[in-house]
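J.: My structure is in final.txt, and what it holds is compact mmCIF, C-alpha atoms:
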# COMPACT_ATOMS: atom_id res chain seq x y z
CA MET X 32 -74.55 -235.94 -42.96
CA LYS X 33 -78.29 -235.59 -43.40
CA LYS X 34 -78.75 -235.42 -39.64
CA LYS X 35 -76.12 -232.71 -39.42
CA ASN X 36 -77.83 -230.71 -42.17
CA LYS X 37 -81.16 -231.15 -40.45
CA GLY X 38 -79.69 -229.83 -37.20
CA ILE X 39 -78.29 -226.81 -38.96
CA ALA X 40 -81.65 -226.14 -40.55
CA ILE X 41 -83.37 -226.25 -37.16
CA LEU X 42 -80.82 -223.81 -35.69
CA LEU X 43 -81.27 -221.45 -38.61
CA GLY X 44 -85.03 -221.61 -38.13
CA ILE X 45 -84.72 -220.75 -34.44
CA CYS X 46 -82.42 -217.82 -35.26
CA CYS X 47 -84.91 -216.48 -37.79
CA VAL X 48 -87.74 -216.66 -35.26
CA LEU X 49 -85.65 -214.89 -32.61
CA GLY X 50 -84.68 -212.25 -35.16
CA VAL X 51 -88.32 -211.56 -35.99
CA VAL X 52 -89.18 -211.31 -32.28
CA CYS X 53 -86.35 -208.79 -31.72
CA VAL X 54 -87.48 -206.65 -34.66
CA VAL X 55 -91.06 -206.64 -33.38
CA GLU X 56 -89.97 -205.70 -29.84
CA TYR X 57 -87.69 -202.95 -31.15
CA THR X 58 -90.48 -201.53 -33.27
CA MET X 59 -92.89 -201.57 -30.31
CA LEU X 60 -90.36 -199.88 -28.03
CA LYS X 61 -89.63 -197.25 -30.65
CA TYR X 62 -93.36 -196.63 -31.11
CA GLU X 63 -93.90 -196.30 -27.36
CA LYS X 64 -90.95 -193.94 -27.02
CA GLY X 65 -92.25 -191.78 -29.83
CA HIS X 66 -95.65 -191.56 -28.18
CA MET X 67 -94.50 -190.94 -24.61
CA GLY X 68 -96.01 -187.84 -23.11
CA GLN X 69 -99.41 -188.21 -24.80
CA THR X 70 -101.33 -189.98 -22.07
CA GLY X 71 -100.90 -191.83 -18.81
CA GLU X 72 -97.78 -192.39 -16.77
CA ASN X 73 -95.47 -192.13 -19.76
CA SER X 74 -96.26 -188.40 -19.94
CA LYS X 75 -94.39 -187.65 -16.71
CA ALA X 76 -90.98 -187.58 -18.34
CA THR X 77 -91.95 -185.11 -21.01
CA GLU X 78 -94.91 -183.09 -19.80
CA TRP X 79 -92.67 -180.27 -18.56
CA VAL X 80 -91.52 -179.66 -22.13
CA GLY X 81 -94.93 -179.67 -23.71
CA ASN X 82 -93.70 -177.13 -26.26
CA LYS X 83 -90.98 -179.49 -27.49
CA GLY X 84 -91.86 -181.38 -30.62
CA ASN X 85 -89.86 -179.51 -33.21
CA THR X 86 -87.09 -181.31 -35.03
CA THR X 87 -84.00 -180.09 -36.77
CA ASP X 88 -86.34 -179.40 -39.70
CA PHE X 89 -87.82 -176.51 -37.69
CA THR X 90 -87.48 -173.50 -39.98
CA ASP X 91 -87.58 -170.15 -38.25
CA GLY X 92 -84.03 -169.15 -39.01
CA VAL X 93 -81.77 -167.58 -41.59
CA SER X 94 -83.03 -169.45 -44.65
CA LYS X 95 -86.57 -168.23 -43.98
CA HIS X 96 -86.00 -164.73 -42.59
CA GLY X 97 -82.70 -163.66 -44.17
CA ALA X 98 -80.93 -160.45 -43.21
CA LEU X 99 -82.49 -158.70 -40.22
CA SER X 100 -82.95 -154.97 -39.78
CA VAL X 101 -84.52 -152.44 -37.43
CA ASP X 102 -87.77 -150.67 -38.26
CA GLY X 103 -88.66 -148.16 -35.57
CA VAL X 104 -88.41 -150.20 -32.37
CA ASP X 105 -89.03 -153.51 -34.09
CA LEU X 106 -86.69 -156.18 -35.36
CA VAL X 107 -87.87 -157.19 -38.84
CA ASP X 108 -86.87 -159.86 -41.34
CA LYS X 109 -86.00 -159.59 -45.04
CA ASP X 110 -89.69 -159.18 -45.88
CA GLY X 111 -90.18 -156.35 -43.39
CA LYS X 112 -92.21 -158.55 -41.01
CA SER X 113 -91.79 -158.22 -37.27
CA PHE X 114 -89.58 -161.02 -36.01
CA GLN X 115 -88.56 -162.29 -32.58
CA LEU X 116 -85.31 -164.08 -31.82
CA LYS X 117 -85.22 -166.47 -28.86
CA GLY X 118 -82.31 -168.53 -27.70
CA VAL X 119 -79.58 -169.13 -25.17
CA SER X 120 -76.02 -167.95 -24.63
CA SER X 121 -72.89 -169.97 -24.20
CA HIS X 122 -70.84 -169.43 -21.10
CA GLY X 123 -67.29 -168.20 -21.75
CA ILE X 124 -66.34 -169.79 -25.06
CA LEU X 125 -62.86 -170.68 -23.77
CA TRP X 126 -64.27 -172.42 -20.71
CA TYR X 127 -67.27 -174.35 -22.02
CA PRO X 128 -66.72 -174.73 -25.78
CA ASP X 129 -68.29 -178.20 -25.87
CA PHE X 130 -71.68 -176.68 -25.08
CA ALA X 131 -71.37 -174.29 -28.04
CA GLY X 132 -70.88 -176.95 -30.70
CA CYS X 133 -73.17 -178.37 -33.33
CA LEU X 134 -75.02 -180.94 -31.19
CA PRO X 135 -76.00 -178.70 -28.25
CA VAL X 136 -76.92 -175.85 -30.60
CA ALA X 137 -79.13 -178.24 -32.58
CA GLU X 138 -80.74 -179.39 -29.35
CA THR X 139 -81.75 -175.83 -28.46
CA LYS X 140 -83.29 -175.52 -31.91
CA LYS X 141 -85.50 -178.52 -31.20
CA TYR X 142 -87.09 -176.56 -28.38
CA GLY X 143 -87.74 -173.49 -30.52
CA ALA X 144 -84.50 -171.48 -30.43
CA ASN X 145 -83.55 -169.57 -33.58
CA VAL X 146 -80.50 -167.73 -32.21
CA PHE X 147 -77.39 -168.71 -30.25
CA ARG X 148 -75.08 -166.24 -28.51
CA ILE X 149 -71.34 -166.89 -28.43
CA ALA X 150 -69.79 -165.22 -25.38
CA ALA X 151 -66.16 -164.29 -26.05
CA TYR X 152 -64.84 -162.77 -22.83
CA ALA X 153 -62.76 -159.70 -23.62
CA ASP X 154 -60.41 -159.64 -20.65
CA ASP X 155 -60.45 -162.19 -17.85
CA GLU X 156 -57.67 -163.75 -15.79
CA SER X 157 -59.26 -167.16 -16.39
CA GLY X 158 -59.05 -166.61 -20.13
CA GLY X 159 -60.29 -163.97 -22.52
CA TYR X 160 -59.33 -162.58 -25.90
CA VAL X 161 -56.70 -160.32 -24.37
CA GLN X 162 -54.99 -163.34 -22.80
CA ARG X 163 -55.62 -165.96 -25.53
CA PRO X 164 -56.59 -164.28 -28.81
CA GLU X 165 -55.89 -167.08 -31.27
CA GLU X 166 -57.69 -169.70 -29.19
CA THR X 167 -60.65 -167.39 -28.70
CA LEU X 168 -60.97 -166.77 -32.43
CA ARG X 169 -60.72 -170.48 -33.17
CA TYR X 170 -63.52 -171.38 -30.77
CA VAL X 171 -65.69 -168.46 -31.86
CA ARG X 172 -65.36 -169.43 -35.51
CA SER X 173 -66.11 -173.06 -34.72
CA SER X 174 -69.27 -172.10 -32.84
CA ILE X 175 -70.35 -169.69 -35.60
CA GLU X 176 -70.10 -172.54 -38.11
CA ALA X 177 -72.15 -174.79 -35.81
CA VAL X 178 -74.87 -172.16 -35.45
CA LEU X 179 -75.06 -171.38 -39.16
CA ALA X 180 -75.11 -175.10 -39.98
CA ASN X 181 -78.27 -175.29 -37.88
CA ASP X 182 -79.83 -172.41 -39.87
CA MET X 183 -79.81 -170.19 -36.78
CA TYR X 184 -78.63 -166.65 -36.11
CA ALA X 185 -75.31 -166.24 -34.28
CA ILE X 186 -74.65 -163.36 -31.91
CA VAL X 187 -70.92 -162.73 -31.58
CA ASP X 188 -70.60 -161.19 -28.13
CA TRP X 189 -67.54 -159.15 -27.10
CA HIS X 190 -68.10 -159.97 -23.45
CA VAL X 191 -67.03 -156.89 -21.52
CA LEU X 192 -67.37 -157.66 -17.82
CA ASN X 193 -64.30 -157.59 -15.58
CA ASP X 194 -62.75 -154.87 -17.72
CA GLY X 195 -65.71 -152.61 -16.90
CA ASN X 196 -65.34 -149.85 -19.45
CA PRO X 197 -65.32 -150.94 -23.12
CA LEU X 198 -62.77 -148.21 -23.85
CA THR X 199 -60.22 -150.16 -21.78
CA ASN X 200 -59.68 -152.74 -24.52
CA LYS X 201 -61.03 -150.76 -27.47
CA GLU X 202 -58.13 -151.60 -29.77
CA LYS X 203 -58.42 -155.30 -28.97
CA ALA X 204 -62.15 -155.13 -29.69
CA LYS X 205 -61.46 -153.55 -33.06
CA GLU X 206 -58.90 -156.25 -33.78
CA PHE X 207 -61.40 -158.97 -32.81
CA PHE X 208 -64.29 -157.61 -34.87
CA ALA X 209 -62.04 -156.98 -37.87
CA GLN X 210 -61.23 -160.70 -37.82
CA ILE X 211 -64.83 -161.88 -37.45
CA ALA X 212 -66.57 -159.32 -39.67
CA GLY X 213 -63.76 -159.63 -42.20
CA GLN X 214 -64.59 -163.31 -42.57
CA TYR X 215 -68.38 -163.21 -42.16
CA GLY X 216 -69.30 -159.75 -43.43
CA ASP X 217 -71.56 -161.13 -46.18
CA GLU X 218 -73.28 -163.63 -43.89
CA PRO X 219 -76.85 -162.50 -43.02
CA GLY X 220 -76.94 -164.75 -39.96
CA ILE X 221 -74.30 -162.89 -37.95
CA ILE X 222 -75.22 -160.30 -35.30
CA TYR X 223 -72.48 -158.26 -33.60
CA GLU X 224 -72.75 -157.43 -29.89
CA ILE X 225 -69.98 -154.92 -29.29
CA CYS X 226 -69.96 -154.62 -25.47
CA ASN X 227 -71.76 -157.03 -23.21
CA GLU X 228 -72.06 -155.28 -19.84
CA PRO X 229 -70.32 -151.94 -19.34
CA ASN X 230 -70.16 -151.37 -15.60
CA GLY X 231 -68.51 -149.48 -12.76
CA ASP X 232 -68.32 -145.76 -13.49
CA THR X 233 -68.78 -146.25 -17.25
CA THR X 234 -71.12 -143.62 -18.69
CA TRP X 235 -73.28 -143.65 -21.79
CA GLU X 236 -70.88 -141.07 -23.19
CA ASP X 237 -68.02 -143.58 -22.78
CA ILE X 238 -70.03 -146.24 -24.60
CA THR X 239 -70.91 -143.78 -27.35
CA ALA X 240 -67.23 -142.92 -27.86
CA TYR X 241 -66.39 -146.62 -28.06
CA ALA X 242 -69.28 -147.38 -30.43
CA ASN X 243 -68.29 -144.53 -32.73
CA GLU X 244 -65.05 -146.36 -33.44
CA VAL X 245 -66.20 -150.00 -33.44
CA ILE X 246 -69.43 -149.68 -35.42
CA PRO X 247 -67.83 -147.98 -38.47
CA LEU X 248 -65.16 -150.68 -38.46
CA ILE X 249 -67.78 -153.45 -38.55
CA ARG X 250 -69.78 -151.56 -41.16
CA GLY X 251 -66.71 -151.57 -43.40
CA TYR X 252 -67.07 -155.34 -43.67
CA ALA X 253 -70.76 -155.85 -42.93
CA PRO X 254 -72.62 -152.72 -44.11
CA ASN X 255 -76.09 -153.90 -43.12
CA ALA X 256 -75.48 -156.20 -40.17
CA LEU X 257 -77.53 -155.92 -36.99
CA ILE X 258 -75.41 -154.51 -34.15
CA LEU X 259 -76.21 -154.63 -30.43
CA VAL X 260 -74.82 -152.00 -28.08
CA GLY X 261 -74.53 -152.48 -24.33
CA THR X 262 -75.74 -149.88 -21.84
CA PRO X 263 -74.45 -148.67 -18.44
CA GLU X 264 -74.75 -150.54 -15.16
CA TYR X 265 -74.36 -154.03 -16.61
CA SER X 266 -76.73 -153.15 -19.47
CA TYR X 267 -79.57 -152.53 -17.03
CA ALA X 268 -79.71 -148.72 -17.35
CA ILE X 269 -81.46 -148.74 -20.72
CA THR X 270 -83.13 -145.42 -19.97
CA LYS X 271 -79.73 -143.67 -20.41
CA VAL X 272 -80.19 -144.15 -24.15
CA GLN X 273 -83.34 -141.99 -24.32
CA GLY X 274 -82.65 -138.87 -26.33
CA ALA X 275 -79.08 -139.98 -27.04
CA MET X 276 -79.31 -142.82 -29.55
CA LEU X 277 -76.41 -143.52 -31.87
CA PRO X 278 -76.54 -142.15 -35.45
CA TYR X 279 -76.50 -145.54 -37.14
CA GLU X 280 -79.14 -147.73 -38.74
CA ASN X 281 -79.75 -151.35 -37.74
CA VAL X 282 -78.63 -150.82 -34.16
CA MET X 283 -80.46 -152.10 -31.10
CA TYR X 284 -79.67 -151.45 -27.45
CA SER X 285 -79.03 -154.22 -24.95
CA TYR X 286 -81.08 -154.67 -21.80
CA HIS X 287 -80.05 -157.29 -19.23
CA PHE X 288 -82.18 -158.57 -16.40
CA TYR X 289 -81.67 -161.08 -13.61
CA ALA X 290 -84.63 -162.23 -11.57
CA GLY X 291 -83.81 -162.03 -7.89
CA GLN X 292 -81.45 -159.08 -8.41
CA TYR X 293 -83.88 -156.52 -9.84
CA ASP X 294 -87.44 -155.54 -9.08
CA ASP X 295 -90.40 -155.60 -11.45
CA ALA X 296 -89.84 -152.13 -12.92
CA TYR X 297 -88.67 -153.67 -16.20
CA SER X 298 -91.98 -153.27 -18.01
CA ASN X 299 -92.16 -149.54 -17.20
CA MET X 300 -88.53 -149.05 -18.24
CA LEU X 301 -88.85 -150.92 -21.53
CA GLU X 302 -92.16 -149.35 -22.46
CA ALA X 303 -90.87 -145.85 -21.68
CA CYS X 304 -87.83 -146.40 -23.90
CA ARG X 305 -89.76 -147.97 -26.74
CA SER X 306 -92.26 -145.12 -26.65
CA GLN X 307 -89.29 -142.81 -27.28
CA GLY X 308 -88.16 -144.88 -30.25
CA VAL X 309 -85.42 -146.93 -28.55
CA PRO X 310 -85.19 -150.43 -30.12
CA ILE X 311 -84.36 -152.98 -27.41
CA PHE X 312 -82.84 -156.45 -27.53
CA VAL X 313 -82.59 -158.47 -24.30
CA SER X 314 -79.24 -160.03 -25.15
CA GLU X 315 -78.88 -161.61 -21.71
CA TRP X 316 -81.24 -162.49 -18.91
CA GLY X 317 -81.36 -165.10 -16.22
CA MET X 318 -82.46 -166.09 -12.75
CA ASN X 319 -80.21 -165.79 -9.71
CA ILE X 320 -81.70 -168.24 -7.25
CA SER X 321 -78.91 -167.45 -4.78
CA ALA X 322 -80.18 -163.85 -4.49
CA GLY X 323 -83.53 -164.64 -2.89
CA GLU X 324 -86.12 -167.28 -2.14
CA PRO X 325 -85.76 -169.71 -5.08
CA GLY X 326 -89.49 -170.10 -5.71
CA SER X 327 -89.99 -166.34 -5.89
CA VAL X 328 -86.96 -165.88 -8.15
CA LEU X 329 -88.19 -168.55 -10.56
CA ALA X 330 -91.67 -167.02 -10.59
CA GLN X 331 -90.24 -163.58 -11.37
CA GLY X 332 -88.14 -165.04 -14.16
CA GLN X 333 -91.17 -166.80 -15.61
CA GLU X 334 -93.13 -163.54 -15.54
CA PHE X 335 -90.27 -161.65 -17.21
CA VAL X 336 -89.85 -164.01 -20.16
CA THR X 337 -93.63 -164.28 -20.55
CA TYR X 338 -93.70 -160.49 -20.86
CA LEU X 339 -90.95 -160.55 -23.49
CA ASN X 340 -92.77 -163.17 -25.55
CA LYS X 341 -96.01 -161.22 -25.30
CA GLU X 342 -94.31 -158.04 -26.51
CA LYS X 343 -92.24 -159.95 -29.12
CA ILE X 344 -88.99 -158.59 -27.69
CA SER X 345 -86.03 -160.74 -28.68
CA TRP X 346 -84.15 -162.47 -25.88
CA VAL X 347 -81.22 -164.70 -25.02
CA ALA X 348 -80.92 -166.57 -21.70
CA TRP X 349 -77.71 -167.17 -19.73
CA SER X 350 -76.17 -169.77 -19.92
CA LEU X 351 -75.92 -173.12 -21.68
CA SER X 352 -73.40 -174.89 -19.50
CA ASN X 353 -73.20 -177.35 -16.63
CA LYS X 354 -71.18 -174.97 -14.46
CA ASN X 355 -72.04 -175.35 -10.81
CA GLU X 356 -73.46 -171.86 -10.37
CA ALA X 357 -76.88 -170.31 -9.81
CA PHE X 358 -77.44 -169.23 -13.44
CA SER X 359 -76.76 -172.46 -15.34
CA LEU X 360 -79.41 -174.06 -17.55
CA LEU X 361 -77.93 -177.54 -17.26
CA SER X 362 -77.27 -179.56 -14.13
CA PRO X 363 -73.66 -180.06 -13.02
CA GLU X 364 -74.29 -183.80 -13.47
CA CYS X 365 -75.23 -183.33 -17.15
CA ASN X 366 -72.33 -184.52 -19.28
CA THR X 367 -74.15 -185.01 -22.57
CA TYR X 368 -74.51 -182.57 -25.44
CA SER X 369 -77.84 -183.67 -26.91
CA GLY X 370 -80.92 -185.71 -26.10
CA TRP X 371 -81.36 -183.96 -22.77
CA GLN X 372 -83.96 -185.28 -20.37
CA GLU X 373 -85.76 -183.51 -17.53
CA GLU X 374 -83.11 -184.45 -15.00
CA ASP X 375 -80.41 -182.80 -17.14
CA PHE X 376 -81.91 -179.34 -16.63
CA THR X 377 -81.81 -177.07 -13.62
CA ASP X 378 -85.09 -175.48 -12.53
CA ILE X 379 -83.97 -172.40 -14.44
CA GLY X 380 -83.26 -174.46 -17.54
CA LYS X 381 -86.69 -176.04 -17.43
CA ILE X 382 -88.37 -172.61 -17.56
CA VAL X 383 -86.09 -171.27 -20.31
CA PHE X 384 -86.46 -174.29 -22.56
CA GLN X 385 -90.22 -174.33 -22.14
CA MET X 386 -90.43 -170.66 -23.03
CA LEU X 387 -88.35 -171.10 -26.18
CA GLY X 388 -91.39 -172.80 -27.63
CA ASP X 389 -93.94 -170.34 -26.28
CA ASP X 390 -95.49 -168.33 -29.12
CA LYS X 391 -97.77 -166.18 -26.98
Could the structure of this file be written out as structure tokens, please?

T.:
Amino acid sequence: MKKKNKGIAILLGICCVLGVVCVVEYTMLKYEKGHMGQTGENSKATEWVGNKGNTTDFTDGVSKHGALSVDGVDLVDKDGKSFQLKGVSSHGILWYPDFAGCLPVAETKKYGANVFRIAAYADDESGGYVQRPEETLRYVRSSIEAVLANDMYAIVDWHVLNDGNPLTNKEKAKEFFAQIAGQYGDEPGIIYEICNEPNGDTTWEDITAYANEVIPLIRGYAPNALILVGTPEYSYAITKVQGAMLPYENVMYSYHFYAGQYDDAYSNMLEACRSQGVPIFVSEWGMNISAGEPGSVLAQGQEFVTYLNKEKISWVAWSLSNKNEAFSLLSPECNTYSGWQEEDFTDIGKIVFQMLGDDK
């Protein structure tokens, strides 16, 4: 019996020693992981995201800045201080809802994002509000809650695209915004984007007629909310707004830009509009590497977002999904929703996520 007890004691002693060794090795591995990217070879995996380092404690969102408003051409926070929003957009909320949930939104925040755009397609044969209204509302609300839970601003985007003219589905838009603003009208973190990209033969007069019905409806629920209004030619023709701005406060006008598709006239266009008092929000931009030599497209995109950060113009990049298309921020092979590594990003995604943390 004594021999048996002695054997048990020896085994217990060995287990204790092995346990201590495991704890020490775990601690060392955790320490090394936490210090990767500082020096030497370990920096290779993280040097491309040198601006990352924030955690979910990063506070540049709703709790700090409160309700936003427009002062001249500037977006300002509750204290009247100039404020820049930076973030990414979902793809169609019915198609890629998993990338608009709490974990991926929190991951963008770690890189410096303080806004997330929820793209609710208005009318699309693959699925929009017109085709699937209840499902659209459910996913939009779920994403709104995820964004607000991360102390970030949520842009609710009525994603006019295939329908061309926002007047086409005006009544559906009013129905949609009545639902969302009716529920979140008192929430300072909600921004309403009433028509993503009017296109085709849509004129600024058409958009004005549409806005004159939709904005008062939203204002009935959310009197002071920030509202974004799209512009003709896929929200590229921002100069159409000059001398014809809408008669509402806390309204900004959307400008969209895709490197590879447009030239470098953006700075002249934006500066001309701002000099005439037009407040601009870049609610969607991206890089179309299929439209030109990829290196040149990426360089133009880098220059564009650098310009926006320098001028403190708010921006949202398209799109946070792993769709196999030229604009995606995540690789088609990425099937995780947090903890992304370098290989999970496309070349476009690497630039966008680096620039989220750029304060210049």

J.: Using all atoms listed in the file, which residues sit within 12 Å of Glu202 in chain X once same-chain residues fewer than 5 positions away are excluded, as a list in words?

T.: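 Contacts, with the query itself left out: Ala153, Tyr160, Val161, Pro197, Phe207, Phe208, Ala209, Tyr241, Ala242, Glu244, Val245 and Leu248 of chain X.
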
J.: For a quick check of understanding, using only C-alpha atoms, which of X:Tyr223, X:Tyr289, X:Phe312, X:Tyr284 has the smallest distance to Ile238 in chain X?

T.: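 Using only C-alpha atoms, Ile238 in chain X sits closest to X:Tyr284.
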
J.: Tell me which residues come within 9 Å of (-78.8, -178.3, -34.2), as an mmCIF file with C-alpha atoms, in the coordinates of the input, counting only C-alpha atoms in the file's coordinates.

T.:
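Saved as point-v8.cif:
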data_model
loop_
_atom_site.group_PDB
_atom_site.id
_atom_site.type_symbol
_atom_site.label_atom_id
_atom_site.label_comp_id
_atom_site.auth_asym_id
_atom_site.auth_seq_id
_atom_site.Cartn_x
_atom_site.Cartn_y
_atom_site.Cartn_z
ATOM 1 C CA THR X 86 -87.090 -181.310 -35.030
ATOM 2 C CA THR X 87 -84.000 -180.090 -36.770
ATOM 3 C CA GLY X 132 -70.880 -176.950 -30.700
ATOM 4 C CA CYS X 133 -73.170 -178.370 -33.330
ATOM 5 C CA LEU X 134 -75.020 -180.940 -31.190
ATOM 6 C CA PRO X 135 -76.000 -178.700 -28.250
ATOM 7 C CA VAL X 136 -76.920 -175.850 -30.600
ATOM 8 C CA ALA X 137 -79.130 -178.240 -32.580
ATOM 9 C CA GLU X 138 -80.740 -179.390 -29.350
ATOM 10 C CA THR X 139 -81.750 -175.830 -28.460
ATOM 11 C CA LYS X 140 -83.290 -175.520 -31.910
ATOM 12 C CA LYS X 141 -85.500 -178.520 -31.200
ATOM 13 C CA ALA X 177 -72.150 -174.790 -35.810
ATOM 14 C CA VAL X 178 -74.870 -172.160 -35.450
ATOM 15 C CA ALA X 180 -75.110 -175.100 -39.980
ATOM 16 C CA ASN X 181 -78.270 -175.290 -37.880
ATOM 17 C CA ASP X 182 -79.830 -172.410 -39.870
ATOM 18 C CA MET X 183 -79.810 -170.190 -36.780
#

J.: Report the distance between CA of Gly261 in chain X and CA of Ser350 in chain X in Å, rounded to one decimal place.

T.: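 Value for the CA of Gly261 in chain X-CA of Ser350 in chain X distance: 17.9 Å.
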
J.: What does the distance from CA of His122 in chain X to CA of Asn353 in chain X come to in Å, to one decimal?

T.: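 Spanning CA of His122 in chain X to CA of Asn353 in chain X is a straight-line distance of 9.4 Å.
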
J.: Which of these residues is nearest to Asn227 in chain X, using all atoms listed in the file: X:Ala296, X:Ala290, X:Ala151, X:Leu198?

T.: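 Of X:Ala296, X:Ala290, X:Ala151, X:Leu198, the one nearest Asn227 in chain X is X:Ala151, counting all atoms listed in the file.
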
J.: Find the residue from X:Gly158, X:Pro363, X:Gly92, X:Pro247 that sits nearest to Ala212 in chain X; use all atoms listed in the file when measuring.

T.: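 Between X:Gly158, X:Pro363, X:Gly92, X:Pro247, the residue approaching Ala212 in chain X most closely is X:Pro247.
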
J.: Neighbouring residues of range 109-116 of chain X were defined as those with any atom within 6 Å, considering only C-alpha atoms; residues of the same chain fewer than 4 positions away were excluded. Please report them as a PyMOL selection string.

T.: chain X and resi 96-98+343+345

J.: Restrict the selected residues to C-alpha atoms and save them as an mmCIF file, in the coordinates of the input.

T.:
data_model
loop_
_atom_site.group_PDB
_atom_site.id
_atom_site.type_symbol
_atom_site.label_atom_id
_atom_site.label_comp_id
_atom_site.auth_asym_id
_atom_site.auth_seq_id
_atom_site.Cartn_x
_atom_site.Cartn_y
_atom_site.Cartn_z
ATOM 1 C CA HIS X 96 -86.000 -164.730 -42.590
ATOM 2 C CA GLY X 97 -82.700 -163.660 -44.170
ATOM 3 C CA ALA X 98 -80.930 -160.450 -43.210
ATOM 4 C CA LYS X 343 -92.240 -159.950 -29.120
ATOM 5 C CA SER X 345 -86.030 -160.740 -28.680
#

J.: Mind pulling up the distance from CA of Val146 in chain X to CA of Thr367 in chain X?

T.: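 Separating CA of Thr367 in chain X from CA of Val146 in chain X is a distance of 20.8 Å.
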
J.: Got a sec: who's within 6 Å of Val282 in chain X, counting all atoms listed in the file, leaving out chain neighbours fewer than 4 positions off, as an NGL selection string?

T.: :X and (257-259)

J.: With distances taken over only C-alpha atoms, which of X:Phe358, X:Trp126, X:Tyr338, X:Tyr184 is nearest to Ser94 in chain X?

T.: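 Comparing X:Phe358, X:Trp126, X:Tyr338, X:Tyr184 against Ser94 in chain X, the winner is X:Tyr184.
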
J.: Using all atoms listed in the file, find the one residue out of X:Leu277, X:Asn366, X:Ile222, X:Phe376 that sits nearest to Thr239 in chain X.

T.: X:Leu277

J.: What's the 8 Å shell around Met276 in chain X, counting only C-alpha atoms, without same-chain residues fewer than 3 positions away, as a list of chain:residue names?

T.: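 So the residues in contact are X:Val272, X:Gln273, X:Val309.
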
J.: Please return, as a list in words, all polymer residues that have at least one atom within 10 Å of the point (-74.9, -161.7, -48.2); use all atoms listed in the file and the file's own coordinate frame.

T.: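 These residues have at least one counted atom within 10 Å: Gly97, Ala98, Tyr215, Gly216, Asp217, Glu218, Pro219, Gly220, Ala253, Asn255 and Ala256 of chain X.
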
J.: Take the residues from that selection and write them out as an mmCIF file, in the coordinates of the input, keeping C-alpha atoms.

T.:
data_model
loop_
_atom_site.group_PDB
_atom_site.id
_atom_site.type_symbol
_atom_site.label_atom_id
_atom_site.label_comp_id
_atom_site.auth_asym_id
_atom_site.auth_seq_id
_atom_site.Cartn_x
_atom_site.Cartn_y
_atom_site.Cartn_z
ATOM 1 C CA GLY X 97 -82.700 -163.660 -44.170
ATOM 2 C CA ALA X 98 -80.930 -160.450 -43.210
ATOM 3 C CA TYR X 215 -68.380 -163.210 -42.160
ATOM 4 C CA GLY X 216 -69.300 -159.750 -43.430
ATOM 5 C CA ASP X 217 -71.560 -161.130 -46.180
ATOM 6 C CA GLU X 218 -73.280 -163.630 -43.890
ATOM 7 C CA PRO X 219 -76.850 -162.500 -43.020
ATOM 8 C CA GLY X 220 -76.940 -164.750 -39.960
ATOM 9 C CA ALA X 253 -70.760 -155.850 -42.930
ATOM 10 C CA ASN X 255 -76.090 -153.900 -43.120
ATOM 11 C CA ALA X 256 -75.480 -156.200 -40.170
#

J.: Considering all atoms listed in the file, can you say which of X:Asn340, X:Ser100, X:Met283, X:Leu106 comes closest to Pro254 in chain X?

T.: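 Going through X:Asn340, X:Ser100, X:Met283, X:Leu106 one by one, the smallest distance to Pro254 in chain X is for X:Ser100.
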